[in-house]
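What follows is a single structure, written as structure tokens, with notes after it.
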Amino acid sequence: MKIVKKIAIVLLVVLIGMQFYRPEKNVSEGDYVAAFETETQPSPEVKEILKTACYDCHSANTEYPWYNNIAPVSYWLADHIEEGKEHLNFSDWENYDSKKKDHKLEEVIEEVKEGEMPLNEYTWTHADAKLSDEQISALLAWADEARANY
């Protein structure tokens with residue numbers, strides 16, 4: 001029983017210590033998706049879909065929930081955001097060549113059609129990010145149209 005108590009104390013100390021060392025937040029100033037939206041011309045409806053379901057993990061700015069202030073959740077969210085931006089970063093759109101832009105939009109279509117995006121873990125706490133059939137149709141139509149430019 002003593003070893004279990006010692007392990008519990010060590011884990012508690014580590015958990016408390018983690019509260020003081022947090023991962024860097026994904027926050028930027030200004031219009032961080034302006035180049036993307038200017039080039040792809042999403043409708044106001046699609047802009048709202050992108051804002052509520054995509055930009056938190058796929059841009060240079062995240063609107064963090066209150067529970068991001070609690071470790072280890074903050075580390076888990078930082079990892080999700082970093083991974084999301086590795087796959088697609090709307091804030092970096094102007095640095096993609098035409099072929100890559102076309103491919104990224106193709107991936108958006110594929111992921112949304114398959115129900116892979118937005119992630120279930122995200123929609124659990126962001127109910128407005130859960131896409132309706134109409135929103136999915138609007139998003140797919142916009143992405144198809146935007147792909148035609150590449």
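Residues in the structure tokens are named by chain (A, B, ... in the order shown) and by number from 1 within that chain; ligands are numbered from 1 in the order shown.
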Set out as CSV a contact list for segment 24-73 of chain A and segment 77-93 of chain A with a cut-off of 7 Å, giving each residue of segment 24-73 of chain A that qualifies its closest atom pair and distance in Å to one decimal, counting only C-alpha atoms, ordered by chain and rising residue number.
residue,atom,partner,partner_atom,distance
A:Tyr32,CA,A:Ser91,CA,5.4
A:Val33,CA,A:Ser91,CA,4.9
A:Ala35,CA,A:Trp93,CA,6.8
A:Phe36,CA,A:Trp93,CA,5.6
A:Cys57,CA,A:Ile81,CA,4.6
A:His58,CA,A:Asn89,CA,4.7
A:Ser59,CA,A:Asn89,CA,5.0
A:Ala60,CA,A:Ser91,CA,5.7
A:Val73,CA,A:Leu77,CA,6.2
Can you tell me which residues surround segment 8-22 of chain A at a distance of at most 10 Å, considering only C-alpha atoms, apart from same-chain residues fewer than 6 positions away, and format the answer as a short mmCIF file (atom, residue, chain, number, x, y, z; two decimals) with N, CA and C atoms, in the first residue's frame?
data_model
loop_
_atom_site.label_atom_id
_atom_site.label_comp_id
_atom_site.auth_asym_id
_atom_site.auth_seq_id
_atom_site.Cartn_x
_atom_site.Cartn_y
_atom_site.Cartn_z
N LYS A 2 2.03 1.19 0.60
CA LYS A 2 2.89 2.37 0.65
C LYS A 2 3.33 2.80 -0.74
N ASN A 68 -9.18 24.72 -21.49
CA ASN A 68 -7.80 24.71 -22.00
C ASN A 68 -6.82 25.18 -20.92
N ASN A 69 -7.31 25.76 -19.86
CA ASN A 69 -6.44 26.24 -18.79
C ASN A 69 -6.06 25.14 -17.81
N ILE A 70 -6.51 23.93 -18.07
CA ILE A 70 -6.24 22.81 -17.17
C ILE A 70 -5.36 21.79 -17.89
N ALA A 71 -4.19 21.54 -17.32
CA ALA A 71 -3.33 20.49 -17.86
C ALA A 71 -3.84 19.17 -17.30
N PRO A 72 -3.80 18.12 -18.02
CA PRO A 72 -3.17 17.86 -19.30
C PRO A 72 -4.04 18.16 -20.52
N VAL A 73 -5.26 18.69 -20.32
CA VAL A 73 -6.12 19.01 -21.46
C VAL A 73 -5.44 20.02 -22.39
N SER A 74 -4.76 20.99 -21.82
CA SER A 74 -4.09 22.01 -22.64
C SER A 74 -3.06 21.38 -23.58
N TYR A 75 -2.37 20.36 -23.12
CA TYR A 75 -1.38 19.67 -23.97
C TYR A 75 -2.08 18.88 -25.07
N ALA A 78 -3.33 21.37 -27.68
CA ALA A 78 -2.20 21.89 -28.45
C ALA A 78 -1.73 20.88 -29.48
#
Write out as a ChimeraX atom specification which residues come within 9 Å of Arg147 of chain A when counting only C-alpha atoms, dropping same-chain ones fewer than 5 positions away. /A:40,101-103,105-106,142
What gap, in Å, lies between atom CA of Thr123 of chain A and atom CA of Thr38 of chain A?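 The value is 27.2 Å.
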